[in-house]
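Engineer: Pasting input-v8.txt here (compact mmCIF, C-alpha atoms and all ligand atoms):
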# COMPACT_ATOMS: atom_id res chain seq x y z
CA MET A 1 0.00 0.00 0.00
CA THR A 2 1.18 3.52 -0.73
CA ARG A 3 1.24 6.26 1.87
CA PRO A 4 -2.20 7.55 2.76
CA LEU A 5 -3.43 10.90 1.55
CA ALA A 6 -5.31 12.85 4.21
CA LEU A 7 -7.82 15.67 3.68
CA PHE A 8 -8.61 18.24 6.36
CA GLY A 9 -11.55 20.42 5.39
CA GLY A 10 -12.71 23.46 7.27
CA THR A 11 -14.29 26.85 7.13
CA PHE A 12 -10.95 28.27 8.32
CA ASP A 13 -12.56 31.65 9.14
CA PRO A 14 -9.71 32.26 9.89
CA ILE A 15 -7.19 29.42 10.08
CA HIS A 16 -5.57 29.24 13.54
CA ASN A 17 -2.68 27.49 15.27
CA ALA A 18 -4.78 24.54 16.47
CA HIS A 19 -5.81 23.73 12.88
CA LEU A 20 -2.15 23.78 11.89
CA ARG A 21 -0.82 21.83 14.83
CA VAL A 22 -3.46 19.06 14.71
CA ALA A 23 -3.04 18.70 10.95
CA TRP A 24 0.73 18.43 11.46
CA GLU A 25 0.34 15.82 14.20
CA ALA A 26 -2.08 13.83 12.01
CA ALA A 27 0.45 13.95 9.16
CA GLU A 28 3.05 12.52 11.51
CA ALA A 29 0.74 9.93 13.09
CA LEU A 30 -0.42 8.63 9.71
CA ASP A 31 2.84 9.23 7.84
CA ALA A 32 0.66 10.99 5.30
CA ASP A 33 0.57 14.12 3.24
CA VAL A 34 -2.26 16.37 4.39
CA ARG A 35 -4.26 18.72 2.21
CA LEU A 36 -6.18 21.57 3.81
CA LEU A 37 -9.40 22.36 1.97
CA PRO A 38 -11.20 25.63 2.72
CA ALA A 39 -14.94 25.17 2.14
CA SER A 40 -16.35 27.61 -0.39
CA VAL A 41 -19.92 27.46 0.94
CA PRO A 42 -19.74 25.54 4.23
CA PRO A 43 -22.83 23.39 4.70
CA HIS A 44 -24.76 23.57 8.00
CA ARG A 45 -23.49 26.84 9.40
CA ASP A 46 -23.80 30.60 8.96
CA GLN A 47 -21.84 31.94 6.06
CA PRO A 48 -18.29 32.89 6.99
CA ARG A 49 -17.13 36.39 7.77
CA ALA A 50 -14.41 36.30 5.07
CA SER A 51 -14.92 35.24 1.46
CA ALA A 52 -13.69 31.88 0.23
CA GLN A 53 -10.82 33.59 -1.61
CA GLN A 54 -9.83 35.53 1.51
CA ARG A 55 -9.91 32.38 3.67
CA ALA A 56 -7.84 30.48 1.10
CA ALA A 57 -5.30 33.34 1.09
CA LEU A 58 -5.04 33.04 4.88
CA VAL A 59 -4.42 29.29 4.59
CA ARG A 60 -1.83 29.86 1.87
CA ALA A 61 0.03 32.38 4.04
CA ALA A 62 -0.14 30.09 7.08
CA LEU A 63 1.37 27.17 5.18
CA ALA A 64 4.30 29.04 3.64
CA GLY A 65 7.71 27.60 4.37
CA GLN A 66 6.84 23.92 4.73
CA GLN A 67 5.74 21.17 2.34
CA ARG A 68 3.90 18.60 4.41
CA LEU A 69 0.62 20.49 4.69
CA VAL A 70 -0.69 21.68 1.33
CA LEU A 71 -3.55 23.98 0.35
CA ASP A 72 -6.16 22.41 -1.95
CA THR A 73 -8.60 24.94 -3.41
CA ARG A 74 -10.86 22.52 -5.25
CA GLU A 75 -13.96 23.40 -3.21
CA LEU A 76 -13.62 27.00 -4.40
CA GLN A 77 -14.16 25.83 -7.98
CA ARG A 78 -17.58 24.29 -7.25
CA GLU A 79 -20.96 26.02 -7.09
CA GLY A 80 -23.35 25.43 -4.20
CA PRO A 81 -22.66 23.91 -0.77
CA SER A 82 -19.22 22.33 -0.38
CA TYR A 83 -20.34 18.80 0.39
CA THR A 84 -17.54 16.59 1.59
CA ILE A 85 -18.83 13.53 -0.27
CA ASP A 86 -18.34 15.40 -3.57
CA THR A 87 -14.79 16.38 -2.60
CA LEU A 88 -13.88 12.85 -1.57
CA ALA A 89 -15.34 11.42 -4.77
CA GLU A 90 -13.27 13.85 -6.88
CA VAL A 91 -10.07 13.04 -5.01
CA ARG A 92 -10.79 9.31 -5.13
CA ASP A 93 -11.14 9.56 -8.94
CA GLU A 94 -7.76 11.26 -9.09
CA ILE A 95 -5.80 8.89 -6.85
CA GLY A 96 -7.37 5.61 -7.97
CA THR A 97 -9.10 2.90 -5.99
CA GLU A 98 -6.13 1.54 -4.03
CA ARG A 99 -4.53 4.40 -2.12
CA PRO A 100 -5.78 4.93 1.45
CA LEU A 101 -7.63 8.24 1.70
CA VAL A 102 -8.28 9.66 5.17
CA LEU A 103 -10.82 12.35 5.99
CA LEU A 104 -9.64 14.22 9.10
CA VAL A 105 -12.32 15.76 11.28
CA GLY A 106 -12.33 17.21 14.76
CA ALA A 107 -14.33 15.33 17.41
CA ASP A 108 -17.00 18.06 17.34
CA ALA A 109 -17.48 17.75 13.59
CA PHE A 110 -17.52 13.95 13.80
CA ALA A 111 -20.31 14.01 16.40
CA GLY A 112 -22.51 15.77 13.82
CA LEU A 113 -21.67 13.44 10.95
CA THR A 114 -25.18 12.00 10.53
CA SER A 115 -26.40 15.42 9.39
CA TRP A 116 -23.90 15.53 6.52
CA HIS A 117 -25.00 15.10 2.93
CA ARG A 118 -25.01 11.37 2.02
CA TRP A 119 -23.04 10.70 5.19
CA ARG A 120 -23.11 6.91 4.96
CA GLU A 121 -21.25 7.02 1.65
CA LEU A 122 -18.28 8.81 3.21
CA PHE A 123 -17.12 5.43 4.56
CA ASP A 124 -17.15 3.91 1.06
CA VAL A 125 -14.66 6.46 -0.22
CA ALA A 126 -12.36 7.25 2.71
CA HIS A 127 -11.24 6.31 6.18
CA ILE A 128 -12.08 8.84 8.89
CA GLY A 129 -9.48 10.10 11.35
CA VAL A 130 -11.12 11.72 14.36
CA LEU A 131 -8.94 14.36 16.02
CA THR A 132 -9.44 14.95 19.73
CA ARG A 133 -10.57 18.45 20.66
CA PRO A 134 -10.83 20.00 24.15
CA GLY A 135 -14.45 20.26 25.28
CA HIS A 136 -15.55 17.49 22.94
CA GLU A 137 -14.34 14.41 24.79
CA GLY A 138 -16.39 11.32 25.32
CA GLY A 139 -19.87 12.71 24.56
CA ALA A 140 -22.38 10.10 23.40
CA LEU A 141 -22.54 9.77 19.63
CA PRO A 142 -25.91 9.41 17.89
CA THR A 143 -27.02 5.75 17.87
CA GLU A 144 -26.96 5.56 14.06
CA LEU A 145 -23.37 6.74 13.99
CA ARG A 146 -22.32 4.38 16.77
CA THR A 147 -23.86 1.47 14.89
CA LYS A 148 -22.20 2.51 11.64
CA ILE A 149 -18.72 2.70 13.14
CA ALA A 150 -18.93 -0.26 15.55
CA SER A 151 -17.12 -2.68 13.26
CA ARG A 152 -14.95 0.00 11.64
CA ARG A 153 -13.03 1.32 14.62
CA CYS A 154 -9.31 0.65 14.65
CA ALA A 155 -6.61 1.53 17.13
CA ASP A 156 -3.49 2.20 15.08
CA ALA A 157 -2.51 4.05 11.97
CA ALA A 158 -1.11 0.89 10.35
CA SER A 159 -4.68 -0.44 10.03
CA LEU A 160 -5.48 2.40 7.64
CA ARG A 161 -2.90 1.08 5.19
CA GLU A 162 -4.62 -2.29 4.89
CA SER A 163 -7.50 -0.92 2.83
CA ALA A 164 -8.37 2.20 0.86
CA ALA A 165 -11.43 3.27 2.89
CA GLY A 166 -13.94 2.36 5.55
CA ARG A 167 -12.11 2.43 8.91
CA VAL A 168 -12.40 4.96 11.75
CA LEU A 169 -9.29 5.90 13.73
CA PRO A 170 -9.26 8.17 16.79
CA ILE A 171 -6.14 10.36 16.65
CA ALA A 172 -5.04 11.88 19.96
CA VAL A 173 -3.54 15.30 19.31
CA THR A 174 -2.24 18.00 21.62
CA PRO A 175 -5.26 19.64 23.27
CA LEU A 176 -5.34 23.24 22.09
CA GLU A 177 -8.36 25.23 23.13
CA ILE A 178 -8.35 27.64 20.21
CA SER A 179 -11.31 28.32 17.94
CA ALA A 180 -11.87 30.55 14.94
CA SER A 181 -14.84 32.10 16.81
CA GLN A 182 -12.44 33.23 19.55
CA VAL A 183 -10.05 34.73 16.99
CA ARG A 184 -12.91 36.53 15.21
CA ALA A 185 -14.21 37.91 18.53
CA LEU A 186 -10.76 39.26 19.47
CA LEU A 187 -10.31 40.95 16.11
CA ALA A 188 -13.83 42.41 16.14
CA ALA A 189 -13.08 43.88 19.59
CA GLY A 190 -9.93 45.51 18.23
CA ARG A 191 -7.71 43.09 20.15
CA ASP A 192 -4.72 41.15 18.89
CA PRO A 193 -4.93 37.35 18.41
CA ARG A 194 -1.13 37.06 18.31
CA TRP A 195 0.13 33.53 18.87
CA LEU A 196 -3.33 32.08 18.46
CA VAL A 197 -2.76 32.39 14.72
CA PRO A 198 0.53 32.12 12.83
CA ASP A 199 2.70 35.22 12.57
CA ALA A 200 2.45 35.00 8.79
CA LEU A 201 -1.14 36.26 9.01
CA PHE A 202 0.16 39.63 10.27
CA ALA A 203 2.71 40.05 7.48
CA ASN A 204 0.10 41.46 5.10
CA PRO A 205 -2.46 43.76 6.78
CA ASP A 206 -5.10 42.82 4.18
CA LEU A 207 -5.22 39.21 5.37
CA LEU A 208 -7.02 39.79 8.68
CA ALA A 209 -8.79 42.98 7.57
CA PRO A 210 -12.19 41.25 6.95
CA TYR A 211 -12.39 40.50 10.68
CA ARG A 212 -11.40 43.96 11.84
CA GLU A 213 -13.94 45.86 9.78
CA GLY A 214 -17.04 46.87 11.76
N1 LIG B 301 -8.73 23.33 18.57
C1 LIG B 301 -9.01 22.32 17.76
N2 LIG B 301 -8.64 21.04 18.03
C2 LIG B 301 -8.97 20.01 17.21
N3 LIG B 301 -9.66 20.16 16.04
C3 LIG B 301 -10.07 21.39 15.71
C4 LIG B 301 -9.76 22.53 16.53
N4 LIG B 301 -10.27 23.64 15.94
C5 LIG B 301 -10.90 23.21 14.82
N5 LIG B 301 -10.78 21.87 14.66
C6 LIG B 301 -11.32 21.06 13.57
O1 LIG B 301 -10.91 21.68 12.36
C7 LIG B 301 -11.93 21.53 11.34
C8 LIG B 301 -12.28 22.90 10.78
O2 LIG B 301 -12.81 23.66 11.85
P1 LIG B 301 -13.33 25.14 11.67
O3 LIG B 301 -12.72 25.79 10.48
O4 LIG B 301 -14.83 25.14 11.77
O5 LIG B 301 -12.68 25.84 12.98
P2 LIG B 301 -13.35 26.22 14.35
O6 LIG B 301 -12.26 26.74 15.22
O7 LIG B 301 -14.17 25.07 14.86
O8 LIG B 301 -14.30 27.41 13.86
P3 LIG B 301 -15.56 28.17 14.52
O9 LIG B 301 -15.16 28.64 15.88
O10 LIG B 301 -15.80 29.26 13.52
O11 LIG B 301 -16.68 27.14 14.55
C9 LIG B 301 -13.10 20.82 12.03
O12 LIG B 301 -13.00 19.43 11.73
C10 LIG B 301 -12.84 21.08 13.52
O13 LIG B 301 -13.41 20.07 14.34
O1 LIG B 302 -20.82 17.39 3.50
C1 LIG B 302 -21.53 17.89 4.40
O2 LIG B 302 -22.76 17.82 4.42
C2 LIG B 302 -20.81 18.64 5.52
C3 LIG B 302 -21.52 19.17 6.61
C4 LIG B 302 -20.84 19.86 7.60
C5 LIG B 302 -19.46 20.03 7.50
N1 LIG B 302 -18.83 19.50 6.42
C6 LIG B 302 -17.36 19.70 6.26
O3 LIG B 302 -16.70 19.48 7.48
C7 LIG B 302 -15.56 20.31 7.56
C8 LIG B 302 -15.58 21.06 8.88
O4 LIG B 302 -16.72 21.88 8.88
P1 LIG B 302 -16.77 23.20 9.80
O5 LIG B 302 -18.17 23.74 9.57
O6 LIG B 302 -16.51 22.69 11.21
O7 LIG B 302 -15.68 24.11 9.33
C9 LIG B 302 -15.60 21.21 6.32
O8 LIG B 302 -14.76 20.66 5.34
C10 LIG B 302 -17.04 21.13 5.90
O9 LIG B 302 -17.23 21.32 4.49
C11 LIG B 302 -19.45 18.83 5.46
If you convert what's in this file into structure tokens, what do you get?

Structural biologist:
Amino acid sequence: MTRPLALFGGTFDPIHNAHLRVAWEAAEALDADVRLLPASVPPHRDQPRASAQQRAALVRAALAGQQRLVLDTRELQREGPSYTIDTLAEVRDEIGTERPLVLLVGADAFAGLTSWHRWRELFDVAHIGVLTRPGHEGGALPTELRTKIASRRCADAASLRESAAGRVLPIAVTPLEISASQVRALLAAGRDPRWLVPDALFANPDLLAPYREG
């Protein structure tokens, strides 16, 4: 089996240090390349403060200087809600049927999986890596989701190399209690989110401007 490819989608409004650190730790844990995919029109939430192009520019700036985490802008090319099943299907077509593909989601996002568009099909196309997140430990999952994953759970990254899709792996990452909501609130209040977001986001004043405007 070849090395897995991992996809980490998000609204990234804006990207922050927890996104970066957990994606990095997942890349290490899985020995995978990780692509970060800003959603153009995120399903199931209010529309973001910054445009898709602005959020992608923030991700691009945040990732400068390293190669392991890569920006993938494919969701910006599609009309309508950025459904993850469509993204996975596109990537699966590109990489072929054999390579392990891993969808990375935070524990909070995973708990809401049964509300996602064609959620059951996600397991046909990819594995799911569930990243721990402070404040989202151990809550009961919906019964349907528990049933779906009962026989799919695995305990180590090596298991994800045995097939192309269909397993669920919990990935314990450094607990970092940072959220994009917190960063937006600081900026809206005229405060400085330094060291909650990468320094690169301050290099160009335009990057964080959408969050500072009244
Ligand atoms: N601190 C964190 N630890 C682990 N996973 C996280 C963390 N922050 C975000 N994620 C995960 O990153 C993905 C993208 O999250 P998103 O862009 O919505 O950020 P957020 O901080 O949750 O934003 P918001 O506060 O606007 O809801 C989701 O799968 C989410 O669960
Ligand atoms: O496909 C769906 O129906 C779906 C519903 C909710 C969230 N998602 C995806 O999950 C990822 C995290 O979402 P969010 O809202 O926490 O940024 C992001 O890539 C979203 O596009 C996808």

Engineer: As a PyMOL selection string, please: the residues near Gly190 in chain A (cut-off 10 Å, only C-alpha atoms, same-chain neighbours under 4 positions excluded).

Structural biologist: chain A and resi 184-186+211-214

Engineer: Find the distance between atom O13 of ligand LIG 301 (chain B) and CA of Val105 in chain A and write it in Å to one decimal.

Structural biologist: 5.4 Å

Engineer: Can you pull out every residue with an atom within 10 Å of ligand LIG 301 (chain B)? Use all atoms listed in the file and format it as number ranges by chain.

Structural biologist: A: 8-23, 36-39, 42, 45-49, 55, 103-111, 129-136, 172-185

Engineer: Rank nothing, just name the residue among A:Ala32, A:Ala27, A:Leu7, A:Ala50 nearest to Thr73 in chain A, using all atoms listed in the file.

Structural biologist: A:Leu7

Engineer: Work out how far apart CA of Glu144 in chain A and atom C9 of ligand LIG 302 (chain B) are and give it in Å to one decimal.

Structural biologist: 20.8 Å

Engineer: May I ask which of the residues A:Val41, A:Leu113, A:Val102, A:Ala6 is the closest one to Leu71 in chain A, counting all atoms listed in the file?

Structural biologist: A:Ala6

Engineer: Show me, as an mmCIF file with C-alpha atoms, in the frame of the given file, the residues that have an atom within 9 Å of Val125 in chain A when counting all atoms listed in the file, minus same-chain residues fewer than 3 positions from it.

Structural biologist:
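So out06.cif came out as:
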data_model
loop_
_atom_site.group_PDB
_atom_site.id
_atom_site.type_symbol
_atom_site.label_atom_id
_atom_site.label_comp_id
_atom_site.auth_asym_id
_atom_site.auth_seq_id
_atom_site.Cartn_x
_atom_site.Cartn_y
_atom_site.Cartn_z
ATOM 1 C CA ILE A 85 -18.830 13.530 -0.270
ATOM 2 C CA LEU A 88 -13.880 12.850 -1.570
ATOM 3 C CA ALA A 89 -15.340 11.420 -4.770
ATOM 4 C CA ARG A 92 -10.790 9.310 -5.130
ATOM 5 C CA THR A 97 -9.100 2.900 -5.990
ATOM 6 C CA LEU A 101 -7.630 8.240 1.700
ATOM 7 C CA VAL A 102 -8.280 9.660 5.170
ATOM 8 C CA GLU A 121 -21.250 7.020 1.650
ATOM 9 C CA LEU A 122 -18.280 8.810 3.210
ATOM 10 C CA ALA A 164 -8.370 2.200 0.860
ATOM 11 C CA ALA A 165 -11.430 3.270 2.890
ATOM 12 C CA GLY A 166 -13.940 2.360 5.550
#

Engineer: Rank A:Ser40, A:Gln54, A:Gln77, A:Thr87 by their smallest atom-to-atom distance to Leu201 in chain A, using all atoms listed in the file, and report the top residue only.

Structural biologist: A:Gln54

Engineer: Taking all atoms listed in the file into account, name the residue in A:Ala209, A:Glu25, A:Ile95, A:Ala155 that is nearest to Ala188 in chain A.

Structural biologist: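 Answer, going by the shortest atom-to-atom distance: A:Ala209.
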
Engineer: Hey, can you check how far CA of Asp124 in chain A sits from CA of Arg167 in chain A?

Structural biologist: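 These atoms are spaced 9.4 Å apart.
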
Engineer: Which residue gives the smallest distance to ligand LIG 302 (chain B) among A:Trp195, A:Phe202, A:Trp119, A:Tyr83, with all atoms listed in the file counted?

Structural biologist: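 Checking each of A:Trp195, A:Phe202, A:Trp119, A:Tyr83 against ligand LIG 302 (chain B), counting all atoms listed in the file, the winner is A:Tyr83.
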
Engineer: Given all atoms listed in the file as the basis, pick out the residue of A:Ser51, A:Thr2, A:Ser115, A:Gln66 nearest to ligand LIG 302 (chain B).

Structural biologist: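 Among the listed residues, the smallest separation from ligand LIG 302 (chain B) belongs to A:Ser115.
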
Engineer: Draw an axis-aligned box over all listed atoms of range 40-49 of chain A, pad each side with 8 Å, and write its centre and edge lengths in Å, one decimal, as AutoDock Vina command-line options.

Structural biologist:
--center_x -20.6 --center_y 29.9 --center_z 4.5 --size_x 24.4 --size_y 29.0 --size_z 25.8

Engineer: Which neighbours of Val168 in chain A fall inside 6 Å, counting all atoms listed in the file, when residues of the same chain fewer than 2 positions from it are skipped, and could you give them as a list of chain:residue names?

Structural biologist: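 Selected residues are A:His127, A:Ile128, A:Gly129, A:Arg152, A:Arg153.
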
Engineer: Could you list, as a PyMOL selection string, every residue within 12 Å of Ala158 in chain A, counting all atoms listed in the file and ignoring same-chain residues fewer than 4 positions away?

Structural biologist: chain A and resi 1-4+29-32+100+154+162-163+167+169
